[in-house]
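Participant: coords.pdb is reproduced in full below (PDB, C-alpha atoms and all ligand atoms).
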MODEL        1
ATOM      1  CA  MET W   1     -71.924  -6.261  -7.343  1.00  0.00           C
ATOM      2  CA  ARG W   2     -70.869  -2.941  -8.768  1.00  0.00           C
ATOM      3  CA  LEU W   3     -73.640  -1.432 -10.911  1.00  0.00           C
ATOM      4  CA  PHE W   4     -74.391   1.627 -12.987  1.00  0.00           C
ATOM      5  CA  ALA W   5     -77.098   2.713 -15.428  1.00  0.00           C
ATOM      6  CA  ALA W   6     -75.985   4.108 -18.761  1.00  0.00           C
ATOM      7  CA  VAL W   7     -76.677   5.050 -22.349  1.00  0.00           C
ATOM      8  CA  VAL W   8     -74.608   3.414 -25.096  1.00  0.00           C
ATOM      9  CA  PRO W   9     -73.955   5.168 -28.424  1.00  0.00           C
ATOM     10  CA  PRO W  10     -74.597   3.121 -31.571  1.00  0.00           C
ATOM     11  CA  GLU W  11     -71.813   1.624 -33.719  1.00  0.00           C
ATOM     12  CA  GLU W  12     -71.575   4.553 -36.116  1.00  0.00           C
ATOM     13  CA  ALA W  13     -71.125   7.107 -33.323  1.00  0.00           C
ATOM     14  CA  LEU W  14     -68.548   4.840 -31.664  1.00  0.00           C
ATOM     15  CA  ARG W  15     -66.622   4.556 -34.936  1.00  0.00           C
ATOM     16  CA  GLU W  16     -66.564   8.335 -35.333  1.00  0.00           C
ATOM     17  CA  LEU W  17     -65.370   8.703 -31.778  1.00  0.00           C
ATOM     18  CA  GLY W  18     -62.756   6.006 -32.361  1.00  0.00           C
ATOM     19  CA  ALA W  19     -61.340   7.965 -35.298  1.00  0.00           C
ATOM     20  CA  ALA W  20     -61.174  11.158 -33.218  1.00  0.00           C
ATOM     21  CA  VAL W  21     -59.489   9.338 -30.326  1.00  0.00           C
ATOM     22  CA  ASP W  22     -56.991   7.709 -32.728  1.00  0.00           C
ATOM     23  CA  ARG W  23     -55.816  11.221 -33.602  1.00  0.00           C
ATOM     24  CA  LEU W  24     -55.350  12.031 -29.909  1.00  0.00           C
ATOM     25  CA  HIS W  25     -53.156   8.947 -29.515  1.00  0.00           C
ATOM     26  CA  THR W  26     -50.557  10.630 -31.730  1.00  0.00           C
ATOM     27  CA  PHE W  27     -49.954  13.392 -29.160  1.00  0.00           C
ATOM     28  CA  PRO W  28     -46.456  13.282 -27.631  1.00  0.00           C
ATOM     29  CA  ASP W  29     -47.653  12.547 -24.075  1.00  0.00           C
ATOM     30  CA  ALA W  30     -50.554  10.252 -25.074  1.00  0.00           C
ATOM     31  CA  ASP W  31     -48.803   7.290 -23.424  1.00  0.00           C
ATOM     32  CA  GLY W  32     -49.088   9.108 -20.112  1.00  0.00           C
ATOM     33  CA  LEU W  33     -52.871   8.670 -20.222  1.00  0.00           C
ATOM     34  CA  ARG W  34     -54.889   5.556 -19.437  1.00  0.00           C
ATOM     35  CA  TRP W  35     -57.268   5.310 -22.371  1.00  0.00           C
ATOM     36  CA  THR W  36     -60.609   3.701 -21.589  1.00  0.00           C
ATOM     37  CA  GLY W  37     -61.534   0.456 -23.363  1.00  0.00           C
ATOM     38  CA  ARG W  38     -63.549   1.085 -26.511  1.00  0.00           C
ATOM     39  CA  PRO W  39     -65.987  -1.797 -26.043  1.00  0.00           C
ATOM     40  CA  GLY W  40     -67.010  -0.183 -22.765  1.00  0.00           C
ATOM     41  CA  TRP W  41     -67.664   3.367 -23.972  1.00  0.00           C
ATOM     42  CA  HIS W  42     -70.881   4.727 -22.450  1.00  0.00           C
ATOM     43  CA  PHE W  43     -72.542   7.738 -20.861  1.00  0.00           C
ATOM     44  CA  THR W  44     -73.250   6.989 -17.207  1.00  0.00           C
ATOM     45  CA  LEU W  45     -76.720   8.033 -16.060  1.00  0.00           C
ATOM     46  CA  ALA W  46     -76.494   6.894 -12.438  1.00  0.00           C
ATOM     47  CA  PHE W  47     -73.618   5.231 -10.598  1.00  0.00           C
ATOM     48  CA  MET W  48     -74.771   2.863  -7.856  1.00  0.00           C
ATOM     49  CA  GLY W  49     -71.498   1.375  -6.668  1.00  0.00           C
ATOM     50  CA  GLU W  50     -71.630  -1.863  -4.672  1.00  0.00           C
ATOM     51  CA  VAL W  51     -75.215  -3.105  -4.547  1.00  0.00           C
ATOM     52  CA  ASP W  52     -76.426  -5.977  -2.408  1.00  0.00           C
ATOM     53  CA  GLU W  53     -77.705  -8.761  -4.669  1.00  0.00           C
ATOM     54  CA  GLU W  54     -80.944  -8.867  -2.670  1.00  0.00           C
ATOM     55  CA  LEU W  55     -81.857  -5.416  -3.962  1.00  0.00           C
ATOM     56  CA  LEU W  56     -81.493  -6.419  -7.606  1.00  0.00           C
ATOM     57  CA  PRO W  57     -85.083  -7.580  -8.327  1.00  0.00           C
ATOM     58  CA  GLU W  58     -86.575  -4.330  -7.064  1.00  0.00           C
ATOM     59  CA  LEU W  59     -83.882  -2.258  -8.733  1.00  0.00           C
ATOM     60  CA  ARG W  60     -84.639  -3.908 -12.091  1.00  0.00           C
ATOM     61  CA  GLU W  61     -88.352  -3.425 -11.601  1.00  0.00           C
ATOM     62  CA  ARG W  62     -87.948   0.266 -10.810  1.00  0.00           C
ATOM     63  CA  LEU W  63     -85.448   0.982 -13.583  1.00  0.00           C
ATOM     64  CA  GLY W  64     -87.820  -0.725 -16.014  1.00  0.00           C
ATOM     65  CA  ARG W  65     -90.601   1.584 -14.873  1.00  0.00           C
ATOM     66  CA  ALA W  66     -88.339   4.629 -15.186  1.00  0.00           C
ATOM     67  CA  ALA W  67     -87.544   3.648 -18.788  1.00  0.00           C
ATOM     68  CA  HIS W  68     -91.193   2.978 -19.512  1.00  0.00           C
ATOM     69  CA  ARG W  69     -92.100   6.534 -18.443  1.00  0.00           C
ATOM     70  CA  SER W  70     -89.246   8.226 -20.320  1.00  0.00           C
ATOM     71  CA  GLU W  71     -89.250   9.407 -23.898  1.00  0.00           C
ATOM     72  CA  SER W  72     -86.546   8.556 -26.373  1.00  0.00           C
ATOM     73  CA  PHE W  73     -84.459  11.595 -27.327  1.00  0.00           C
ATOM     74  CA  PRO W  74     -81.879  12.728 -29.882  1.00  0.00           C
ATOM     75  CA  LEU W  75     -78.222  12.863 -28.929  1.00  0.00           C
ATOM     76  CA  ARG W  76     -74.888  13.387 -30.606  1.00  0.00           C
ATOM     77  CA  LEU W  77     -71.284  13.351 -29.458  1.00  0.00           C
ATOM     78  CA  HIS W  78     -70.125  16.914 -29.041  1.00  0.00           C
ATOM     79  CA  GLU W  79     -66.640  18.300 -28.382  1.00  0.00           C
ATOM     80  CA  GLY W  80     -64.443  17.354 -25.446  1.00  0.00           C
ATOM     81  CA  GLY W  81     -63.814  18.479 -21.903  1.00  0.00           C
ATOM     82  CA  HIS W  82     -61.835  17.580 -18.809  1.00  0.00           C
ATOM     83  CA  PHE W  83     -62.378  17.230 -15.094  1.00  0.00           C
ATOM     84  CA  GLY W  84     -59.333  18.974 -13.682  1.00  0.00           C
ATOM     85  CA  ARG W  85     -56.200  17.011 -14.486  1.00  0.00           C
ATOM     86  CA  ARG W  86     -57.979  13.701 -13.893  1.00  0.00           C
ATOM     87  CA  ALA W  87     -60.290  12.791 -16.756  1.00  0.00           C
ATOM     88  CA  LEU W  88     -60.721  13.570 -20.418  1.00  0.00           C
ATOM     89  CA  TRP W  89     -64.178  13.119 -21.883  1.00  0.00           C
ATOM     90  CA  ILE W  90     -66.436  13.607 -24.860  1.00  0.00           C
ATOM     91  CA  GLY W  91     -69.577  15.594 -24.251  1.00  0.00           C
ATOM     92  CA  ALA W  92     -73.045  15.302 -25.718  1.00  0.00           C
ATOM     93  CA  ALA W  93     -75.515  17.694 -27.321  1.00  0.00           C
ATOM     94  CA  GLY W  94     -79.144  17.453 -28.372  1.00  0.00           C
ATOM     95  CA  GLY W  95     -81.726  16.183 -25.924  1.00  0.00           C
ATOM     96  CA  LEU W  96     -79.765  17.013 -22.790  1.00  0.00           C
ATOM     97  CA  ASP W  97     -82.869  17.923 -20.780  1.00  0.00           C
ATOM     98  CA  ALA W  98     -84.407  14.542 -21.557  1.00  0.00           C
ATOM     99  CA  MET W  99     -81.113  12.846 -20.708  1.00  0.00           C
ATOM    100  CA  ARG W 100     -80.892  14.652 -17.372  1.00  0.00           C
ATOM    101  CA  MET W 101     -84.494  13.629 -16.629  1.00  0.00           C
ATOM    102  CA  LEU W 102     -83.642  10.003 -17.412  1.00  0.00           C
ATOM    103  CA  ALA W 103     -80.566  10.229 -15.171  1.00  0.00           C
ATOM    104  CA  GLU W 104     -82.687  11.639 -12.336  1.00  0.00           C
ATOM    105  CA  ARG W 105     -85.255   8.886 -12.763  1.00  0.00           C
ATOM    106  CA  ALA W 106     -82.557   6.214 -12.729  1.00  0.00           C
ATOM    107  CA  ASP W 107     -81.102   7.786  -9.586  1.00  0.00           C
ATOM    108  CA  ALA W 108     -84.536   7.904  -7.918  1.00  0.00           C
ATOM    109  CA  ALA W 109     -85.271   4.295  -8.954  1.00  0.00           C
ATOM    110  CA  ALA W 110     -82.051   3.146  -7.292  1.00  0.00           C
ATOM    111  CA  ARG W 111     -82.712   5.112  -4.103  1.00  0.00           C
ATOM    112  CA  ARG W 112     -86.235   3.723  -3.822  1.00  0.00           C
ATOM    113  CA  ALA W 113     -84.914   0.214  -4.338  1.00  0.00           C
ATOM    114  CA  GLY W 114     -82.732   0.794  -1.270  1.00  0.00           C
ATOM    115  CA  VAL W 115     -79.393   1.516  -2.963  1.00  0.00           C
ATOM    116  CA  ALA W 116     -77.258   3.950  -0.945  1.00  0.00           C
ATOM    117  CA  MET W 117     -76.583   6.568  -3.588  1.00  0.00           C
ATOM    118  CA  ASP W 118     -74.093   9.383  -3.218  1.00  0.00           C
ATOM    119  CA  GLU W 119     -75.554  12.781  -2.531  1.00  0.00           C
ATOM    120  CA  HIS W 120     -77.114  14.377  -5.551  1.00  0.00           C
ATOM    121  CA  ARG W 121     -74.661  16.166  -7.838  1.00  0.00           C
ATOM    122  CA  ALA W 122     -75.575  18.166 -10.920  1.00  0.00           C
ATOM    123  CA  TYR W 123     -75.755  15.734 -13.816  1.00  0.00           C
ATOM    124  CA  HIS W 124     -73.097  16.258 -16.439  1.00  0.00           C
ATOM    125  CA  ALA W 125     -73.360  14.033 -19.525  1.00  0.00           C
ATOM    126  CA  HIS W 126     -69.873  12.794 -20.429  1.00  0.00           C
ATOM    127  CA  LEU W 127     -68.180   9.732 -21.889  1.00  0.00           C
ATOM    128  CA  THR W 128     -64.736   9.279 -20.333  1.00  0.00           C
ATOM    129  CA  ILE W 129     -62.080   8.490 -22.929  1.00  0.00           C
ATOM    130  CA  ALA W 130     -58.965   8.744 -20.742  1.00  0.00           C
ATOM    131  CA  ARG W 131     -57.810   9.127 -17.175  1.00  0.00           C
ATOM    132  CA  THR W 132     -54.482  10.485 -16.136  1.00  0.00           C
ATOM    133  CA  ARG W 133     -51.625   8.556 -14.610  1.00  0.00           C
ATOM    134  CA  GLU W 134     -49.601  11.597 -13.850  1.00  0.00           C
ATOM    135  CA  ASN W 135     -50.611  15.187 -13.588  1.00  0.00           C
ATOM    136  CA  SER W 136     -51.163  15.656 -17.318  1.00  0.00           C
ATOM    137  CA  ASP W 137     -52.346  18.838 -18.920  1.00  0.00           C
ATOM    138  CA  LEU W 138     -55.485  17.776 -20.763  1.00  0.00           C
ATOM    139  CA  ARG W 139     -56.181  21.110 -22.432  1.00  0.00           C
ATOM    140  CA  PRO W 140     -54.391  20.320 -25.713  1.00  0.00           C
ATOM    141  CA  TYR W 141     -56.598  17.252 -26.092  1.00  0.00           C
ATOM    142  CA  VAL W 142     -59.730  19.265 -25.410  1.00  0.00           C
ATOM    143  CA  ASP W 143     -58.580  21.889 -27.926  1.00  0.00           C
ATOM    144  CA  ALA W 144     -58.074  19.163 -30.531  1.00  0.00           C
ATOM    145  CA  LEU W 145     -61.658  17.997 -29.970  1.00  0.00           C
ATOM    146  CA  SER W 146     -63.037  21.487 -30.478  1.00  0.00           C
ATOM    147  CA  GLY W 147     -65.599  21.349 -33.265  1.00  0.00           C
ATOM    148  CA  PHE W 148     -65.992  17.572 -33.009  1.00  0.00           C
ATOM    149  CA  GLU W 149     -69.625  16.684 -33.744  1.00  0.00           C
ATOM    150  CA  GLY W 150     -70.889  13.157 -34.175  1.00  0.00           C
ATOM    151  CA  THR W 151     -73.829  11.980 -36.253  1.00  0.00           C
ATOM    152  CA  PRO W 152     -77.023  12.289 -34.170  1.00  0.00           C
ATOM    153  CA  TRP W 153     -78.910   9.188 -33.077  1.00  0.00           C
ATOM    154  CA  THR W 154     -82.016   8.476 -31.031  1.00  0.00           C
ATOM    155  CA  VAL W 155     -81.398   7.234 -27.503  1.00  0.00           C
ATOM    156  CA  SER W 156     -84.038   4.569 -27.039  1.00  0.00           C
ATOM    157  CA  ARG W 157     -82.658   2.275 -24.307  1.00  0.00           C
ATOM    158  CA  LEU W 158     -81.596   2.439 -20.695  1.00  0.00           C
ATOM    159  CA  VAL W 159     -78.950  -0.147 -19.798  1.00  0.00           C
ATOM    160  CA  LEU W 160     -78.034  -1.523 -16.376  1.00  0.00           C
ATOM    161  CA  PHE W 161     -74.374  -2.597 -16.353  1.00  0.00           C
ATOM    162  CA  ARG W 162     -72.331  -4.619 -13.954  1.00  0.00           C
ATOM    163  CA  SER W 163     -68.733  -3.433 -13.707  1.00  0.00           C
ATOM    164  CA  ASN W 164     -66.159  -6.147 -13.046  1.00  0.00           C
ATOM    165  CA  LEU W 165     -63.000  -4.449 -11.884  1.00  0.00           C
ATOM    166  CA  PRO W 166     -59.662  -5.891 -13.029  1.00  0.00           C
ATOM    167  CA  ARG W 167     -58.247  -8.365 -10.549  1.00  0.00           C
ATOM    168  CA  SER W 168     -54.894  -9.205 -12.041  1.00  0.00           C
ATOM    169  CA  GLY W 169     -53.257  -5.909 -11.197  1.00  0.00           C
ATOM    170  CA  THR W 170     -51.762  -5.847 -14.706  1.00  0.00           C
ATOM    171  CA  ALA W 171     -51.131  -2.246 -15.722  1.00  0.00           C
ATOM    172  CA  GLY W 172     -53.687  -0.973 -18.217  1.00  0.00           C
ATOM    173  CA  GLU W 173     -56.189  -3.780 -17.682  1.00  0.00           C
ATOM    174  CA  GLN W 174     -59.737  -2.441 -18.116  1.00  0.00           C
ATOM    175  CA  PRO W 175     -62.867  -3.094 -16.098  1.00  0.00           C
ATOM    176  CA  ARG W 176     -65.231  -5.446 -17.904  1.00  0.00           C
ATOM    177  CA  TYR W 177     -68.797  -4.216 -18.291  1.00  0.00           C
ATOM    178  CA  GLU W 178     -71.589  -6.751 -18.536  1.00  0.00           C
ATOM    179  CA  THR W 179     -75.207  -5.929 -19.410  1.00  0.00           C
ATOM    180  CA  VAL W 180     -77.527  -6.986 -16.588  1.00  0.00           C
ATOM    181  CA  GLU W 181     -80.688  -5.845 -18.367  1.00  0.00           C
ATOM    182  CA  SER W 182     -81.831  -3.101 -20.728  1.00  0.00           C
ATOM    183  CA  TRP W 183     -85.219  -1.507 -21.269  1.00  0.00           C
ATOM    184  CA  PRO W 184     -86.706   0.512 -24.132  1.00  0.00           C
ATOM    185  CA  LEU W 185     -87.681   4.136 -23.494  1.00  0.00           C
ATOM    186  CA  GLU W 186     -91.411   4.098 -24.072  1.00  0.00           C
ATOM    187  CA  GLY W 187     -92.787   7.367 -22.674  1.00  0.00           C
TER
HETATM  188  P1  LIG W 201     -66.519   8.378 -15.089  1.00  0.00           P
HETATM  189  O1  LIG W 201     -66.540   7.950 -16.511  1.00  0.00           O
HETATM  190  O2  LIG W 201     -66.798   9.819 -14.893  1.00  0.00           O
HETATM  191  O3  LIG W 201     -65.318   7.872 -14.343  1.00  0.00           O
HETATM  192  C1  LIG W 201     -68.336   2.930 -14.582  1.00  0.00           C
HETATM  193  O4  LIG W 201     -67.270   3.002 -13.704  1.00  0.00           O
HETATM  194  C2  LIG W 201     -68.955   4.279 -14.741  1.00  0.00           C
HETATM  195  O5  LIG W 201     -69.400   4.742 -13.496  1.00  0.00           O
HETATM  196  C3  LIG W 201     -68.014   5.326 -15.306  1.00  0.00           C
HETATM  197  O6  LIG W 201     -68.647   5.996 -16.371  1.00  0.00           O
HETATM  198  C4  LIG W 201     -67.734   6.249 -14.151  1.00  0.00           C
HETATM  199  O7  LIG W 201     -67.763   7.615 -14.452  1.00  0.00           O
HETATM  200  C5  LIG W 201     -68.886   6.013 -13.238  1.00  0.00           C
HETATM  201  N1  LIG W 201     -68.424   6.137 -11.874  1.00  0.00           N
HETATM  202  C6  LIG W 201     -67.479   5.406 -11.262  1.00  0.00           C
HETATM  203  N2  LIG W 201     -67.320   5.796  -9.978  1.00  0.00           N
HETATM  204  C7  LIG W 201     -68.196   6.795  -9.779  1.00  0.00           C
HETATM  205  C8  LIG W 201     -68.530   7.600  -8.665  1.00  0.00           C
HETATM  206  N3  LIG W 201     -67.961   7.446  -7.472  1.00  0.00           N
HETATM  207  N4  LIG W 201     -69.463   8.545  -8.845  1.00  0.00           N
HETATM  208  C9  LIG W 201     -70.061   8.726 -10.033  1.00  0.00           C
HETATM  209  N5  LIG W 201     -69.794   7.981 -11.118  1.00  0.00           N
HETATM  210  C10 LIG W 201     -68.875   7.029 -10.999  1.00  0.00           C
ENDMDL
END
Render the structure in this file as structure tokens.
Facilitator:
Amino acid sequence: MRLFAAVVPPEEALRELGAAVDRLHTFPDADGLRWTGRPGWHFTLAFMGEVDEELLPELRERLGRAAHRSESFPLRLHEGGHFGRRALWIGAAGGLDAMRMLAERADAAARRAGVAMDEHRAYHAHLTIARTRENSDLRPYVDALSGFEGTPWTVSRLVLFRSNLPRSGTAGEQPRYETVESWPLEG
């Protein structure tokens, strides 16, 4: 199964983001982007990819311990950015050091549980709102998000998601994310 650990913004933050993204949909080339499904909006902490079901009990155990050791922290949605011409995202501000620490602990938990993780890359908190179909210039979207600040909240849970990729091949169909388990941050 395809798994990743993530942080999910609360309803209010998601509504604010929804309103900002609605404005982006009015851009002339907005149809050239594949907008991510709103029910699935999240900040990935650690992407595990395909994980053998046998590893799941230990993975859950270790992620639970990582959450138990980690403190809750403040976060807010903050401006936008892009990865080349591929992905448009919303950033975060506030407790980024605590978030990076949580991401590192989730990564370490997965490694120790035997998950073959990609080599370590610098953690960059982002919530992907669109991917490109063609070679779109994402800068106007990022400019439009300049100054966007969401209402702060306290991140108090680590969530393990299963990602079910679309099978139908229908254009625009989104992956379906299912919560496997979530743990409170108790450090
Ligand atoms: P993205 O938003 O930057 O694409 C579920 O697919 C989540 O896992 C997404 O947030 C996605 O990040 C992330 N993800 C998917 N493939 C990944 C990979 N190879 N490396 C890191 N993160 C990945």
Participant: Do you know which residues the PyMOL selection byres (((chain W and resi 42-50) around 7) and not hetatm) returns on this file, as a list in words?
Facilitator: Met1, Arg2, Leu3, Phe4, Ala5, Ala6, Val7, Val8, Pro9, Gly40, Trp41, Val51, Asp52, Ala103, Ala106, Asp107, Val115, Met117, Ala125, His126 and Leu127 of chain W
Participant: Kindly resolve the PyMOL selection byres (((chain W and resi 135-142) around 6) and not hetatm) on the present coordinates and return the residues as a PyMOL selection string.
Facilitator: chain W and resi 80-81+85+134+143-145
Participant: Might I get the box with edges along x, y and z of the file that holds all atoms of ligand LIG 201 (chain W) listed there, padded by 6 Å on every side, given as centre and edge lengths in Å to one decimal, as lines of an AutoDock Vina configuration file?
Facilitator:
center_x = -67.7
center_y = 6.4
center_z = -12.0
size_x = 16.7
size_y = 18.9
size_z = 21.0
Participant: For Arg38 (chain W), work out the shell of residues within 10 Å, counting all atoms listed in the file and skipping chain neighbours fewer than 6 positions away, then give it as a PyMOL selection string.
Facilitator: chain W and resi 14-15+17-18+21+129+174
Participant: Residues as selected, C-alpha atoms, written as a PDB file, in the coordinates of the input, can you do that?
Facilitator:
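File written: selection_30.pdb
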ATOM      1  CA  LEU W  14     -68.548   4.840 -31.664  1.00  0.00           C
ATOM      2  CA  ARG W  15     -66.622   4.556 -34.936  1.00  0.00           C
ATOM      3  CA  LEU W  17     -65.370   8.703 -31.778  1.00  0.00           C
ATOM      4  CA  GLY W  18     -62.756   6.006 -32.361  1.00  0.00           C
ATOM      5  CA  VAL W  21     -59.489   9.338 -30.326  1.00  0.00           C
ATOM      6  CA  ILE W 129     -62.080   8.490 -22.929  1.00  0.00           C
ATOM      7  CA  GLN W 174     -59.737  -2.441 -18.116  1.00  0.00           C
TER       8      GLN W 174
END
Participant: Which one is closest to ligand LIG 201 (chain W): W:Glu186, W:Glu53, W:Asp118, W:Glu149? Count all atoms listed in the file.
Facilitator: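 Smallest distance to ligand LIG 201 (chain W) is found for W:Asp118.
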Participant: Given the file above and the PyMOL selection byres (((chain W and resi 164-167) around 9) and not hetatm), which residues are selected, and can you give them as a PyMOL selection string?
Facilitator: chain W and resi 1-2+162-163+168-170+173-178
Participant: Between W:Glu12, W:Glu61, W:Glu181, W:Asp31, single out the one closest to Ala130 (chain W), counting only C-alpha atoms.
Facilitator: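 The closest residue to Ala130 (chain W) is W:Asp31.
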Participant: Rounded to one decimal, what separation in Å do you get between CA of Phe83 (chain W) and CA of Gly32 (chain W)?
Facilitator: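 We find that CA of Phe83 (chain W) and CA of Gly32 (chain W) lie 16.4 Å from each other.
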Participant: Any idea what the distance is between CA of Ala67 (chain W) and CA of Tyr123 (chain W)?
Facilitator: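 Atom-to-atom, CA of Ala67 (chain W) and CA of Tyr123 (chain W) are spaced 17.6 Å apart.
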Participant: Find the distance between CA of Thr179 (chain W) and CA of Val159 (chain W) and write it in Å to one decimal.
Facilitator: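 We find that CA of Thr179 (chain W) and CA of Val159 (chain W) lie 6.9 Å from each other.
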Participant: Between W:Leu77, W:Ala87, W:Val180, W:Val155, which residue has the minimum interatomic distance to ligand LIG 201 (chain W), considering only C-alpha atoms and all ligand atoms?
Facilitator: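 For ligand LIG 201 (chain W), the nearest of the given residues is W:Ala87.
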Participant: Go through W:Leu160, W:Ala98, W:Ala92, W:Leu185 and flag the residue nearest Ala13 (chain W), using all atoms listed in the file for the distances.
Facilitator: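 Of W:Leu160, W:Ala98, W:Ala92, W:Leu185, the one nearest Ala13 (chain W) is W:Ala92, counting all atoms listed in the file.
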Participant: Name all residues at most 10 Å from Gly172 (chain W) (count all atoms listed in the file; drop same-chain ones fewer than 6 positions away) and give them as JSON, numbers by chain.
Facilitator: {"W": [33, 34, 35, 36, 37, 166]}
Participant: In terms of the shortest atom-to-atom distance over only C-alpha atoms and all ligand atoms, which of W:Trp183, W:Phe148, W:Trp89, W:Trp153 is closest to ligand LIG 201 (chain W)?
Facilitator: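 Checking each candidate against ligand LIG 201 (chain W), we get W:Trp89 as the closest.
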Participant: With all atoms listed in the file as the counted atoms, please give the residues lying no more than 12 Å from Phe73 (chain W), apart from itself and same-chain residues fewer than 4 positions off, as a list of chain:residue names.
Facilitator: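 Listing them by chain and then by number gives W:Val7, W:Ala93, W:Gly94, W:Gly95, W:Leu96, W:Asp97, W:Ala98, W:Met99, W:Arg100, W:Met101, W:Leu102, W:Pro152, W:Trp153, W:Thr154, W:Val155, W:Ser156, W:Arg157, W:Leu158, W:Pro184, W:Leu185, W:Glu186, W:Gly187.
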Participant: Rebuild region 22-36 of chain W to N, CA, C and O atoms - output it as an mmCIF file, in the coordinates of the input, please.
Facilitator:
data_model
loop_
_atom_site.group_PDB
_atom_site.id
_atom_site.type_symbol
_atom_site.label_atom_id
_atom_site.label_comp_id
_atom_site.auth_asym_id
_atom_site.auth_seq_id
_atom_site.Cartn_x
_atom_site.Cartn_y
_atom_site.Cartn_z
ATOM 1 N N ASP W 22 -58.241 8.147 -32.069
ATOM 2 C CA ASP W 22 -56.991 7.709 -32.728
ATOM 3 C C ASP W 22 -56.064 8.901 -32.964
ATOM 4 O O ASP W 22 -54.847 8.798 -32.788
ATOM 5 N N ARG W 23 -56.642 10.026 -33.355
ATOM 6 C CA ARG W 23 -55.816 11.221 -33.602
ATOM 7 C C ARG W 23 -55.169 11.710 -32.303
ATOM 8 O O ARG W 23 -54.032 12.171 -32.285
ATOM 9 N N LEU W 24 -55.906 11.583 -31.197
ATOM 10 C CA LEU W 24 -55.350 12.031 -29.909
ATOM 11 C C LEU W 24 -54.177 11.142 -29.468
ATOM 12 O O LEU W 24 -53.271 11.590 -28.757
ATOM 13 N N HIS W 25 -54.230 9.880 -29.899
ATOM 14 C CA HIS W 25 -53.156 8.947 -29.515
ATOM 15 C C HIS W 25 -51.801 9.352 -30.097
ATOM 16 O O HIS W 25 -50.769 8.858 -29.649
ATOM 17 N N THR W 26 -51.827 10.227 -31.111
ATOM 18 C CA THR W 26 -50.557 10.630 -31.730
ATOM 19 C C THR W 26 -49.889 11.770 -30.948
ATOM 20 O O THR W 26 -48.780 12.168 -31.276
ATOM 21 N N PHE W 27 -50.554 12.303 -29.939
ATOM 22 C CA PHE W 27 -49.954 13.392 -29.160
ATOM 23 C C PHE W 27 -48.731 12.874 -28.408
ATOM 24 O O PHE W 27 -48.711 11.713 -27.972
ATOM 25 N N PRO W 28 -47.718 13.740 -28.228
ATOM 26 C CA PRO W 28 -46.456 13.282 -27.631
ATOM 27 C C PRO W 28 -46.621 12.628 -26.257
ATOM 28 O O PRO W 28 -45.924 11.668 -25.950
ATOM 29 N N ASP W 29 -47.550 13.128 -25.427
ATOM 30 C CA ASP W 29 -47.653 12.547 -24.075
ATOM 31 C C ASP W 29 -48.854 11.607 -23.946
ATOM 32 O O ASP W 29 -49.305 11.304 -22.839
ATOM 33 N N ALA W 30 -49.352 11.104 -25.101
ATOM 34 C CA ALA W 30 -50.554 10.252 -25.074
ATOM 35 C C ALA W 30 -50.332 8.972 -24.261
ATOM 36 O O ALA W 30 -51.274 8.430 -23.688
ATOM 37 N N ASP W 31 -49.078 8.510 -24.189
ATOM 38 C CA ASP W 31 -48.803 7.290 -23.424
ATOM 39 C C ASP W 31 -48.932 7.524 -21.919
ATOM 40 O O ASP W 31 -49.003 6.569 -21.144
ATOM 41 N N GLY W 32 -48.936 8.779 -21.533
ATOM 42 C CA GLY W 32 -49.088 9.108 -20.112
ATOM 43 C C GLY W 32 -50.543 9.049 -19.659
ATOM 44 O O GLY W 32 -50.834 9.252 -18.486
ATOM 45 N N LEU W 33 -51.455 8.779 -20.588
ATOM 46 C CA LEU W 33 -52.871 8.670 -20.222
ATOM 47 C C LEU W 33 -53.296 7.210 -20.227
ATOM 48 O O LEU W 33 -52.749 6.391 -20.963
ATOM 49 N N ARG W 34 -54.289 6.897 -19.412
ATOM 50 C CA ARG W 34 -54.889 5.556 -19.437
ATOM 51 C C ARG W 34 -56.166 5.678 -20.247
ATOM 52 O O ARG W 34 -57.153 6.254 -19.785
ATOM 53 N N TRP W 35 -56.120 5.183 -21.467
ATOM 54 C CA TRP W 35 -57.268 5.310 -22.371
ATOM 55 C C TRP W 35 -58.303 4.263 -22.024
ATOM 56 O O TRP W 35 -57.965 3.096 -21.790
ATOM 57 N N THR W 36 -59.570 4.660 -21.981
ATOM 58 C CA THR W 36 -60.609 3.701 -21.589
ATOM 59 C C THR W 36 -60.861 2.710 -22.729
ATOM 60 O O THR W 36 -60.654 3.032 -23.903
#
